[in-house]
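Data block for start.txt (compact mmCIF, C-alpha atoms):
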# COMPACT_ATOMS: atom_id res chain seq x y z
CA MET A 1 46.94 -13.28 32.70
CA ILE A 2 46.90 -10.05 30.68
CA ILE A 3 46.29 -12.11 27.55
CA SER A 4 43.19 -13.70 29.10
CA PHE A 5 41.93 -10.29 30.06
CA ILE A 6 42.44 -8.98 26.53
CA GLU A 7 40.69 -12.06 25.17
CA ILE A 8 37.70 -11.38 27.38
CA ILE A 9 37.50 -7.76 26.25
CA VAL A 10 37.81 -8.68 22.57
CA GLY A 11 35.18 -11.40 22.88
CA LEU A 12 32.77 -9.10 24.66
CA ALA A 13 33.25 -6.34 22.09
CA ALA A 14 32.75 -8.74 19.18
CA GLY A 15 29.61 -10.10 20.80
CA LEU A 16 28.27 -6.59 21.31
CA ALA A 17 28.83 -5.70 17.66
CA VAL A 18 27.26 -8.87 16.31
CA GLY A 19 24.36 -8.74 18.72
CA SER A 20 23.44 -5.15 18.04
CA GLY A 21 23.78 -5.78 14.30
CA PHE A 22 21.43 -8.74 14.59
CA VAL A 23 18.83 -6.79 16.54
CA ALA A 24 19.11 -3.80 14.22
CA PHE A 25 18.53 -6.10 11.25
CA LEU A 26 15.43 -7.58 12.84
CA THR A 27 14.15 -4.15 13.84
CA VAL A 28 14.50 -2.57 10.44
CA LEU A 29 12.73 -5.48 8.78
CA GLY A 30 9.84 -5.17 11.21
CA ILE A 31 9.22 -8.88 11.73
CA ILE A 32 8.16 -8.69 15.38
CA PRO A 33 5.75 -5.77 14.85
CA ARG A 34 4.24 -7.63 11.92
CA LEU A 35 3.77 -10.81 13.97
CA MET A 36 2.27 -8.81 16.83
CA GLN A 37 -0.11 -7.11 14.44
CA LEU A 38 -1.20 -10.42 12.93
CA SER A 39 -1.73 -12.15 16.25
CA LYS A 40 -3.15 -9.06 17.98
CA THR A 41 -0.86 -9.56 20.98
CA LYS A 42 0.74 -6.16 21.23
CA SER A 43 1.04 -6.31 25.01
CA TYR A 44 3.50 -9.20 24.91
CA LEU A 45 6.34 -7.17 23.38
CA ARG A 46 8.77 -7.73 26.29
CA PHE A 47 8.00 -11.41 26.10
CA TYR A 48 9.00 -11.52 22.44
CA GLU A 49 12.14 -9.47 23.00
CA TRP A 50 13.30 -11.92 25.64
CA ALA A 51 12.43 -14.79 23.30
CA ILE A 52 14.90 -13.41 20.77
CA ILE A 53 17.62 -12.79 23.35
CA LEU A 54 17.28 -16.24 24.92
CA GLY A 55 17.12 -17.81 21.48
CA ALA A 56 20.37 -16.14 20.44
CA TRP A 57 22.02 -17.30 23.66
CA ALA A 58 20.77 -20.86 23.14
CA GLY A 59 22.09 -20.81 19.57
CA VAL A 60 25.53 -19.71 20.75
CA PHE A 61 25.53 -22.29 23.50
CA PHE A 62 24.55 -25.20 21.28
CA SER A 63 26.84 -24.23 18.43
CA PHE A 64 29.97 -24.19 20.58
CA ASN A 65 29.30 -27.45 22.36
CA ASP A 66 28.91 -31.06 21.25
CA PHE A 67 25.79 -32.32 22.87
CA LEU A 68 23.73 -35.27 21.87
CA ILE A 69 20.08 -34.91 22.86
CA PRO A 70 17.90 -37.55 21.26
CA THR A 71 14.58 -35.91 20.35
CA PRO A 72 11.48 -37.41 18.80
CA TYR A 73 10.78 -36.93 15.09
CA LEU A 74 7.98 -34.48 15.75
CA ILE A 75 10.22 -32.06 17.66
CA GLU A 76 12.73 -32.13 14.83
CA ILE A 77 10.02 -31.42 12.28
CA TYR A 78 8.72 -28.56 14.43
CA ILE A 79 12.17 -26.98 14.75
CA GLY A 80 12.78 -27.26 11.01
CA LEU A 81 9.37 -25.79 10.19
CA LEU A 82 9.86 -22.84 12.52
CA HIS A 83 13.31 -22.20 11.14
CA GLY A 84 11.85 -22.09 7.66
CA ILE A 85 9.04 -19.75 8.65
CA PHE A 86 11.48 -17.32 10.21
CA VAL A 87 13.81 -17.29 7.20
CA GLY A 88 10.78 -16.92 4.92
CA MET A 89 9.64 -13.88 6.87
CA LEU A 90 13.12 -12.38 6.61
CA ALA A 91 13.08 -12.89 2.86
CA ALA A 92 9.61 -11.39 2.51
CA ALA A 93 10.52 -8.39 4.65
CA LEU A 94 13.63 -7.77 2.57
CA THR A 95 11.60 -7.92 -0.63
CA GLU A 96 9.26 -5.37 0.85
CA VAL A 97 11.91 -3.01 2.14
CA LEU A 98 13.52 -2.92 -1.28
CA ASN A 99 10.15 -2.02 -2.88
CA VAL A 100 10.53 -4.79 -5.40
CA PHE A 101 6.90 -5.46 -6.19
CA PRO A 102 5.44 -1.98 -6.69
CA ILE A 103 8.30 -0.92 -8.92
CA LEU A 104 8.27 -4.17 -10.87
CA THR A 105 4.56 -4.15 -11.58
CA ARG A 106 4.44 -0.47 -12.40
CA ARG A 107 7.44 -0.59 -14.73
CA LEU A 108 6.05 -3.57 -16.58
CA ARG A 109 2.48 -2.28 -16.27
CA MET A 110 1.19 -5.56 -14.91
CA GLU A 111 -0.56 -4.53 -11.73
CA LYS A 112 -3.28 -7.14 -12.02
CA TYR A 113 -0.74 -9.96 -12.12
CA LEU A 114 0.83 -8.90 -8.82
CA TYR A 115 -0.34 -11.88 -6.82
CA ALA A 116 0.69 -14.30 -9.54
CA PHE A 117 4.20 -12.87 -9.28
CA VAL A 118 4.20 -13.10 -5.48
CA LEU A 119 3.21 -16.73 -5.89
CA ALA A 120 6.04 -17.22 -8.39
CA ILE A 121 8.59 -16.00 -5.86
CA VAL A 122 7.14 -18.05 -2.99
CA LEU A 123 6.99 -21.26 -5.03
CA GLY A 124 10.44 -20.58 -6.44
CA LYS A 125 11.93 -20.35 -2.99
CA ILE A 126 10.23 -23.52 -1.80
CA SER A 127 11.26 -25.54 -4.85
CA GLY A 128 14.79 -24.14 -4.83
CA SER A 129 15.26 -25.14 -1.23
CA LEU A 130 13.74 -28.60 -1.73
CA PHE A 131 15.81 -29.13 -4.85
CA GLN A 132 18.97 -28.18 -3.03
CA TRP A 133 18.46 -30.47 -0.06
CA ILE A 134 17.06 -33.49 -1.85
CA ILE A 135 18.80 -33.59 -5.21
CA PHE A 136 21.59 -31.08 -5.44
CA VAL A 137 23.66 -31.72 -2.36
CA ASN A 138 26.29 -34.44 -2.80
CA LYS A 139 25.80 -36.76 0.10
CA MET B 1 -39.00 43.41 -16.42
CA SER B 2 -36.02 44.34 -14.33
CA HIS B 3 -33.83 41.89 -12.56
CA TYR B 4 -35.33 42.96 -9.21
CA HIS B 5 -38.87 42.23 -10.40
CA GLN B 6 -37.87 38.82 -11.70
CA LYS B 7 -36.31 37.97 -8.36
CA MET B 8 -39.42 39.11 -6.44
CA ILE B 9 -41.72 36.99 -8.60
CA MET B 10 -39.55 33.93 -8.13
CA LEU B 11 -39.48 34.58 -4.36
CA THR B 12 -43.27 34.79 -4.20
CA ILE B 13 -43.65 31.54 -6.06
CA PHE B 14 -41.23 29.95 -3.65
CA TYR B 15 -43.11 31.34 -0.61
CA VAL B 16 -46.34 29.82 -1.91
CA PHE B 17 -44.61 26.55 -2.58
CA THR B 18 -43.08 26.50 0.90
CA ILE B 19 -46.40 27.19 2.60
CA SER B 20 -48.04 24.36 0.69
CA GLN B 21 -45.14 22.17 1.77
CA LEU B 22 -45.78 23.23 5.39
CA PHE B 23 -49.34 22.00 5.05
CA SER B 24 -48.19 18.69 3.67
CA HIS B 25 -45.72 18.63 6.59
CA TYR B 26 -48.64 18.38 8.98
CA LEU B 27 -50.36 15.87 6.80
CA HIS B 28 -47.49 13.70 5.57
CA ARG B 29 -44.46 14.79 7.62
CA LYS B 30 -42.32 15.97 4.71
CA GLU B 31 -39.93 17.90 6.93
CA TRP B 32 -36.89 17.54 4.77
CA ASN B 33 -38.50 19.26 1.76
CA VAL B 34 -39.45 22.24 3.89
CA HIS B 35 -35.94 22.41 5.24
CA ASN B 36 -34.46 22.42 1.75
CA ASN B 37 -36.85 25.05 0.48
CA ILE B 38 -36.09 27.38 3.35
CA ILE B 39 -32.39 27.06 2.61
CA LEU B 40 -33.05 27.71 -1.06
CA LEU B 41 -34.93 30.84 -0.11
CA LYS B 42 -32.07 32.02 2.03
CA GLY B 43 -29.65 31.27 -0.78
CA MET B 44 -31.58 33.30 -3.24
CA MET B 45 -31.90 36.25 -0.95
CA GLU B 46 -28.22 36.62 -0.24
CA MET B 47 -25.83 37.01 -3.13
CA ASN B 48 -22.63 36.73 -1.00
CA GLN B 49 -22.75 33.00 -0.52
CA THR B 50 -19.89 30.73 0.35
CA ILE B 51 -19.17 27.79 -1.87
CA TYR B 52 -17.03 24.84 -0.89
CA LEU B 53 -14.65 23.37 -3.39
CA ARG B 54 -12.83 20.07 -3.07
CA LEU B 55 -10.54 18.92 -5.84
CA LYS B 56 -10.52 15.27 -6.77
CA ASN B 57 -7.15 13.70 -6.23
CA ARG B 58 -6.80 11.74 -9.46
CA VAL B 59 -9.00 11.74 -12.56
CA GLU B 60 -8.73 9.58 -15.67
CA VAL B 61 -9.29 11.50 -18.86
CA ASN B 62 -9.25 10.78 -22.56
CA LEU B 63 -7.89 12.62 -25.56
CA HIS B 64 -10.02 15.53 -26.91
CA GLU B 65 -12.15 15.50 -23.77
CA LYS B 66 -13.40 18.89 -22.56
CA ILE B 67 -12.73 19.13 -18.84
CA CYS B 68 -15.39 20.99 -16.84
CA LEU B 69 -15.31 21.76 -13.15
CA LYS B 70 -17.54 18.85 -12.25
CA ASP B 71 -14.95 16.43 -13.66
CA ILE B 72 -12.18 17.48 -11.35
CA ALA B 73 -13.91 18.80 -8.23
CA TRP B 74 -16.76 18.38 -5.77
CA VAL B 75 -18.72 21.61 -5.39
CA ASP B 76 -21.03 22.45 -2.51
CA ALA B 77 -23.22 25.47 -3.10
CA GLY B 78 -26.78 26.56 -3.75
CA GLU B 79 -28.56 24.60 -6.48
CA THR B 80 -28.41 27.19 -9.25
CA ILE B 81 -24.84 28.21 -8.52
CA LYS B 82 -23.80 24.57 -8.34
CA LYS B 83 -25.26 23.84 -11.78
CA GLN B 84 -23.51 26.85 -13.27
CA LEU B 85 -20.21 26.00 -11.64
CA HIS B 86 -20.40 22.36 -12.69
CA SER B 87 -20.46 23.34 -16.33
CA LEU B 88 -17.50 25.71 -16.00
CA PHE B 89 -15.08 24.85 -18.81
CA LEU B 90 -11.41 24.52 -17.79
CA LEU B 91 -9.36 22.96 -20.55
CA GLU B 92 -9.43 20.57 -23.45
CA ILE B 93 -7.08 17.63 -23.70
CA GLN B 94 -4.93 17.99 -26.78
CA LYS B 95 -2.32 15.83 -28.42
CA LYS B 96 0.49 17.95 -27.02
CA HIS B 97 -0.41 17.02 -23.45
CA GLN B 98 1.80 14.48 -21.72
CA ARG B 99 0.58 11.60 -19.59
CA TYR B 100 -0.02 13.65 -16.46
CA ILE B 101 -1.64 17.09 -16.29
CA VAL B 102 -1.85 18.99 -13.02
CA ILE B 103 -4.58 21.57 -12.38
CA ASP B 104 -3.88 23.74 -9.40
CA ILE B 105 -6.68 25.11 -7.23
CA PHE B 106 -5.29 28.55 -7.94
CA HIS B 107 -6.33 28.42 -11.60
CA VAL B 108 -9.79 27.24 -10.62
CA THR B 109 -10.39 30.00 -8.08
CA LYS B 110 -9.00 32.55 -10.53
CA LYS B 111 -11.58 31.51 -13.13
CA ILE B 112 -14.44 31.43 -10.62
CA ASN B 113 -13.52 34.84 -9.23
CA HIS B 114 -13.39 36.23 -12.75
CA LEU B 115 -16.91 35.02 -13.57
CA TYR B 116 -18.63 35.27 -10.16
CA PRO B 117 -16.80 37.92 -8.16
CA GLU B 118 -19.40 37.96 -5.38
CA LEU B 119 -18.83 34.33 -4.38
CA GLU B 120 -16.68 33.35 -1.42
CA ILE B 121 -14.68 30.25 -2.12
CA GLU B 122 -13.56 27.86 0.60
CA THR B 123 -11.22 25.12 -0.54
CA VAL B 124 -11.05 21.76 1.18
CA GLY B 125 -8.84 18.80 0.48
CA PRO B 126 -5.97 18.46 -1.99
CA ASN B 127 -4.61 21.56 -3.64
CA GLN B 128 -3.94 19.95 -7.00
CA ALA B 129 -5.91 17.63 -9.23
CA ILE B 130 -3.86 15.15 -11.25
CA LEU B 131 -5.36 14.24 -14.61
CA GLN B 132 -4.08 10.98 -15.99
CA LEU B 133 -4.29 10.68 -19.74
CA SER B 134 -4.95 7.04 -20.53
CA LYS B 135 -2.96 6.34 -23.64
CA LYS B 136 -3.73 3.28 -25.74
CA ARG B 137 -1.47 0.55 -24.50
CA SER B 138 -0.69 -2.54 -26.51
CA SER B 139 -2.24 -5.64 -25.03
CA ILE B 140 0.24 -7.72 -23.08
CA GLN B 141 0.82 -11.09 -24.65
CA PRO B 142 0.44 -14.13 -22.40
CA ILE B 143 3.88 -15.31 -23.48
CA PHE B 144 5.41 -12.22 -21.87
CA ILE B 145 3.61 -12.91 -18.60
CA LEU B 146 4.82 -16.53 -18.71
CA PHE B 147 8.35 -15.31 -19.26
CA ILE B 148 8.17 -12.94 -16.28
CA TRP B 149 6.64 -15.68 -14.13
CA THR B 150 9.36 -18.19 -14.90
CA LEU B 151 11.97 -15.50 -14.48
CA LEU B 152 10.78 -14.78 -10.95
CA PHE B 153 10.44 -18.49 -10.17
CA ILE B 154 13.94 -19.49 -11.25
CA GLY B 155 15.40 -16.29 -9.84
CA ALA B 156 13.94 -16.90 -6.40
CA ALA B 157 15.09 -20.55 -6.46
CA MET B 158 18.65 -19.58 -7.38
CA ALA B 159 18.65 -16.75 -4.84
CA ILE B 160 17.69 -19.05 -2.01
CA MET B 161 20.23 -21.69 -3.08
CA ASN B 162 23.01 -19.13 -3.18
CA PHE B 163 21.88 -17.75 0.18
CA HIS B 164 22.11 -21.23 1.72
CA TYR B 165 25.58 -21.70 0.33
CA ASP B 166 26.60 -18.24 1.50
CA VAL B 167 25.59 -18.82 5.11
CA SER B 168 26.75 -22.47 5.02
CA MET B 169 23.34 -23.63 6.08
CA GLN B 170 24.12 -27.22 5.11
CA GLU B 171 26.79 -27.55 7.81
CA VAL B 172 24.72 -25.85 10.47
CA GLN B 173 21.69 -27.99 9.80
CA GLU B 174 23.75 -31.16 9.71
CA SER B 175 25.40 -30.48 13.07
CA LEU B 176 22.04 -29.49 14.54
CA HIS B 177 20.56 -32.70 13.18
CA ILE B 178 23.35 -34.78 14.70
CA MET B 179 22.72 -33.06 18.02
CA LEU B 180 18.98 -33.71 17.82
CA SER B 181 19.08 -37.28 16.57
CA GLY B 182 21.51 -38.42 19.26
CA SER B 183 22.24 -42.08 19.03
CA GLU B 184 20.18 -42.90 15.94
CA GLU B 185 22.61 -43.05 13.05
CA ASN B 186 20.27 -43.68 10.14
CA ARG B 187 17.95 -40.71 10.69
CA SER B 188 18.30 -38.57 7.64
CA VAL B 189 18.90 -34.84 7.87
CA LEU B 190 15.91 -34.40 5.61
CA TRP B 191 13.70 -34.57 8.68
CA LEU B 192 14.88 -31.04 9.42
CA GLN B 193 15.28 -29.76 5.92
CA ILE B 194 11.95 -30.57 4.31
CA PRO B 195 9.86 -28.83 7.00
CA TYR B 196 12.35 -25.97 6.71
CA SER B 197 11.68 -25.64 2.99
CA LEU B 198 7.92 -25.71 3.47
CA GLY B 199 8.23 -23.22 6.29
CA LEU B 200 10.01 -20.81 3.91
CA GLY B 201 6.87 -20.48 1.85
CA VAL B 202 4.60 -20.29 4.89
CA GLY B 203 6.72 -17.52 6.39
CA MET B 204 6.55 -15.41 3.25
CA ILE B 205 2.81 -15.89 3.00
CA ILE B 206 2.34 -14.95 6.66
CA PHE B 207 4.23 -11.77 6.05
CA PHE B 208 2.36 -10.84 2.89
CA ASN B 209 -1.01 -11.76 4.42
CA HIS B 210 -2.38 -13.20 1.21
CA VAL B 211 -3.06 -16.67 -0.12
CA PHE B 212 -4.52 -16.76 -3.65
CA ASN B 213 -6.24 -13.40 -3.26
CA LYS B 214 -7.85 -14.45 -0.03
CA ARG B 215 -6.93 -12.43 3.06
CA LEU B 216 -5.79 -14.15 6.22
CA ASN B 217 -6.61 -11.10 8.28
CA GLU B 218 -8.84 -8.05 7.76
CA GLU B 219 -5.90 -5.69 7.91
CA PRO B 220 -4.30 -4.50 4.68
CA SER B 221 -1.22 -6.47 3.80
CA PRO B 222 2.20 -4.76 3.81
CA LEU B 223 2.25 -5.19 0.04
CA GLU B 224 -0.89 -3.10 -0.36
CA VAL B 225 0.42 -0.46 2.03
CA GLU B 226 3.69 -0.41 0.11
CA MET B 227 1.94 0.09 -3.22
CA PHE B 228 -0.23 2.80 -1.69
CA ASN B 229 2.84 4.61 -0.32
CA TYR B 230 4.52 4.40 -3.70
CA GLU B 231 1.41 5.86 -5.35
CA GLN B 232 1.28 8.68 -2.81
CA ASN B 233 4.92 9.54 -3.38
CA LEU B 234 4.36 9.50 -7.11
CA GLN B 235 1.36 11.82 -6.79
CA GLN B 236 3.26 14.19 -4.54
CA TYR B 237 6.11 14.30 -7.01
CA LEU B 238 3.77 14.97 -9.94
CA ALA B 239 1.76 17.57 -8.05
CA PHE B 240 4.97 19.46 -7.52
CA HIS B 241 6.93 18.97 -10.71
CA GLU B 242 4.18 18.90 -13.33
CA ASN B 243 2.51 21.95 -11.84
CA ASP B 244 3.19 24.90 -14.12
CA LEU B 245 2.97 27.27 -11.17
CA ASN B 246 6.15 25.75 -9.78
CA ARG B 247 8.24 26.29 -12.87
CA PRO B 248 10.85 29.05 -12.64
CA THR B 249 9.76 31.99 -14.79
CA SER B 250 11.30 35.32 -15.68
CA ASP B 251 8.17 37.28 -14.84
CA ASN B 252 6.14 36.95 -11.63
Let's see the structure in the file written out as structure tokens.
Amino acid sequence: MIISFIEIIVGLAAGLAVGSGFVAFLTVLGIIPRLMQLSKTKSYLRFYEWAIILGAWAGVFFSFNDFLIPTPYLIEIYIGLLHGIFVGMLAAALTEVLNVFPILTRRLRMEKYLYAFVLAIVLGKISGSLFQWIIFVNK
Amino acid sequence: MSHYHQKMIMLTIFYVFTISQLFSHYLHRKEWNVHNNIILLKGMMEMNQTIYLRLKNRVEVNLHEKICLKDIAWVDAGETIKKQLHSLFLLEIQKKHQRYIVIDIFHVTKKINHLYPELEIETVGPNQAILQLSKKRSSIQPIFILFIWTLLFIGAAMAIMNFHYDVSMQEVQESLHIMLSGSEENRSVLWLQIPYSLGLGVGMIIFFNHVFNKRLNEEPSPLEVEMFNYEQNLQQYLAFHENDLNRPTSDN
């Protein structure tokens, strides 16, 4: 009885830590503000916050259970695409927070090749990921 | 002829000119010329005029170039004073100068006060002008650019592969795929993974707001803002550290 109670407390505390870490990570990278700026939908901030919270809950729910929900191909493609876009935005935001590009181009004095280098990184990530899933992984 | 006589003769000529302009105002509506002439008259009659000085933030200079005031500042004053101030000599770029030279507004106002003590100087804008000496740089070989490009390409590919391994994305995507495909056994997990890989690139491009130098949105991309911030920080640092007024000295 006491053990169950302790388990509940520990679980809740762990969830709090992970959740706040997750949200802090997203906040410092500025993904939601950037998306709101691009889509010019600043008034829907609460909407987007709840999207993240419900999404995290759904992820927890589906990862701890064994469901089988047959979905059409298109839904699967859509989920994969959105997953990729989100991870891509995380990667881009990290690159920006670490000031990689300004320092790189200034040190090497190649400011006019900046967009070629951005393209190199983007294409590198796409090909690396494709290579890993199609060729590299031992099925 | 004394200075006073010279001034009176010039004033008379200007009066005559202005009156003729007034006539042409009624004939041809040249209001702006009259306006300017009246201001010129006023300027010549008072010697205690105010001039406005605004330093340019960053100027590119070359070796052995003689820097005058018009190279590093915008000056707003009466016509004659402006011409004289524009040709005010400040310094010459010598070999001993490093890449960045900082001219403080203090030196400029000191020189102007020394030569024209009756002028009132109002300064607007940045307090230092940074002169960037463009040294001859060796042309970058294309092979070096190719090397950097492939370095970034392979580096990003390896980084993303290691990231996937680190977060065990393979397992997560496989279990998600099993959940989504349900009863169909021969649906490959690639249906999830290939759109994911393409989405990686799309996500980065959305964030950077740039596809092949074409903007997706009129707003400046975070990359441009980042480079601008870096430049501003650099200029602030230089304006402080390269400024000889900020060096510790034994005398005042």
Show me which bits of chain A are within 6 Å of chain B, counting all atoms listed in the file, as a ChimeraX atom specification. /A:67-71,76-77,80-81,83-85,88-89,92,102,120-122,124-126,128-130
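In this structure, atom CA of A:Ala91 sits 17.2 Å away from atom CA of A:Gly21.
Going from atom CA of B:Ala73 to atom CA of B:Pro248 covers 27.2 Å.
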Any chance you could work out the axis-aligned box around stretch 51-66 of chain A, listed atoms only, 4 Å on each side, giving centre and edge lengths in Å to one decimal, as JSON?
{"center_x": 21.2, "center_y": -21.9, "center_z": 21.7, "size_x": 25.5, "size_y": 26.3, "size_z": 14.5}
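Of the residues listed (A:Lys40, A:Phe136, A:Ile53, A:Val100), A:Ile53 shows the shortest atom-to-atom separation from A:Gly19; distances use only C-alpha atoms.
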Nearest to A:Leu119 by atom-to-atom distance, counting all atoms listed in the file, from A:Tyr48, A:Phe101, A:Gly15, A:Arg106: A:Phe101
Using all atoms listed in the file, which residues of stretch 232-252 of chain B come within 12 Å of stretch 52-71 of chain B, and what is the closest atom pair for each, with the distance in Å to one decimal? Give it as CSV, sorted by chain and residue number.
residue,atom,partner,partner_atom,distance
B:Gln232,CA,B:Asn57,CA,10.4
B:Leu234,CA,B:Arg58,CA,11.6
B:Gln235,CA,B:Arg58,CA,8.6
B:Gln236,CA,B:Asn57,CA,10.6
B:Leu238,CA,B:Arg58,CA,11.1
B:Ala239,CA,B:Asn57,CA,9.9
Could you tell me which of B:Val124, B:Ile103, B:Ala77, B:Ile112 comes closest to B:Asn243 if we count all atoms listed in the file? B:Ile103
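A straight line drawn from atom CA of B:Leu90 to atom CA of B:Thr50 is 21.0 Å long.
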Which residues, written as a ChimeraX atom specification, have at least one atom at most 10 Å from A:Leu104, with all atoms listed in the file counted and residues fewer than 6 positions away on the same chain left out? /A:110-111,114,117
Emit a file covering stretch 101-116 of chain B of the preceding structure with N, CA and C atoms, as a tab-separated table (two decimals), in the first residue's frame.
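Okay, out-v1.tsv is ready:
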chain	number	residue	atom	x	y	z
B	101	ILE	N	40.45	50.29	-37.51
B	101	ILE	CA	40.83	51.55	-36.86
B	101	ILE	C	39.54	52.20	-36.38
B	102	VAL	N	39.56	52.69	-35.15
B	102	VAL	CA	38.37	53.32	-34.60
B	102	VAL	C	38.62	54.81	-34.43
B	103	ILE	N	37.73	55.64	-35.00
B	103	ILE	CA	37.83	57.09	-34.80
B	103	ILE	C	36.67	57.50	-33.92
B	104	ASP	N	36.99	58.06	-32.78
B	104	ASP	CA	35.96	58.47	-31.85
B	104	ASP	C	35.45	59.86	-32.22
B	105	ILE	N	34.20	60.14	-31.86
B	105	ILE	CA	33.63	61.45	-32.18
B	105	ILE	C	34.35	62.54	-31.42
B	106	PHE	N	35.00	62.16	-30.33
B	106	PHE	CA	35.71	63.12	-29.51
B	106	PHE	C	36.85	63.77	-30.28
B	107	HIS	N	37.62	62.95	-31.00
B	107	HIS	CA	38.73	63.48	-31.80
B	107	HIS	C	38.22	64.43	-32.86
B	108	VAL	N	37.08	64.05	-33.46
B	108	VAL	CA	36.53	64.88	-34.54
B	108	VAL	C	36.11	66.24	-34.00
B	109	THR	N	35.36	66.24	-32.90
B	109	THR	CA	34.89	67.52	-32.36
B	109	THR	C	36.06	68.35	-31.84
B	110	LYS	N	37.11	67.66	-31.35
B	110	LYS	CA	38.29	68.40	-30.89
B	110	LYS	C	38.92	69.18	-32.05
B	111	LYS	N	39.06	68.47	-33.19
B	111	LYS	CA	39.64	69.13	-34.37
B	111	LYS	C	38.77	70.27	-34.86
B	112	ILE	N	37.45	70.04	-34.91
B	112	ILE	CA	36.56	71.07	-35.44
B	112	ILE	C	36.56	72.28	-34.52
B	113	ASN	N	36.54	72.03	-33.21
B	113	ASN	CA	36.56	73.15	-32.27
B	113	ASN	C	37.84	73.95	-32.36
B	114	HIS	N	38.94	73.23	-32.67
B	114	HIS	CA	40.24	73.91	-32.79
B	114	HIS	C	40.24	74.85	-33.99
B	115	LEU	N	39.62	74.39	-35.12
B	115	LEU	CA	39.67	75.22	-36.33
B	115	LEU	C	38.53	76.22	-36.41
B	116	TYR	N	37.33	75.84	-35.95
B	116	TYR	CA	36.17	76.73	-36.04
B	116	TYR	C	35.56	76.86	-34.65
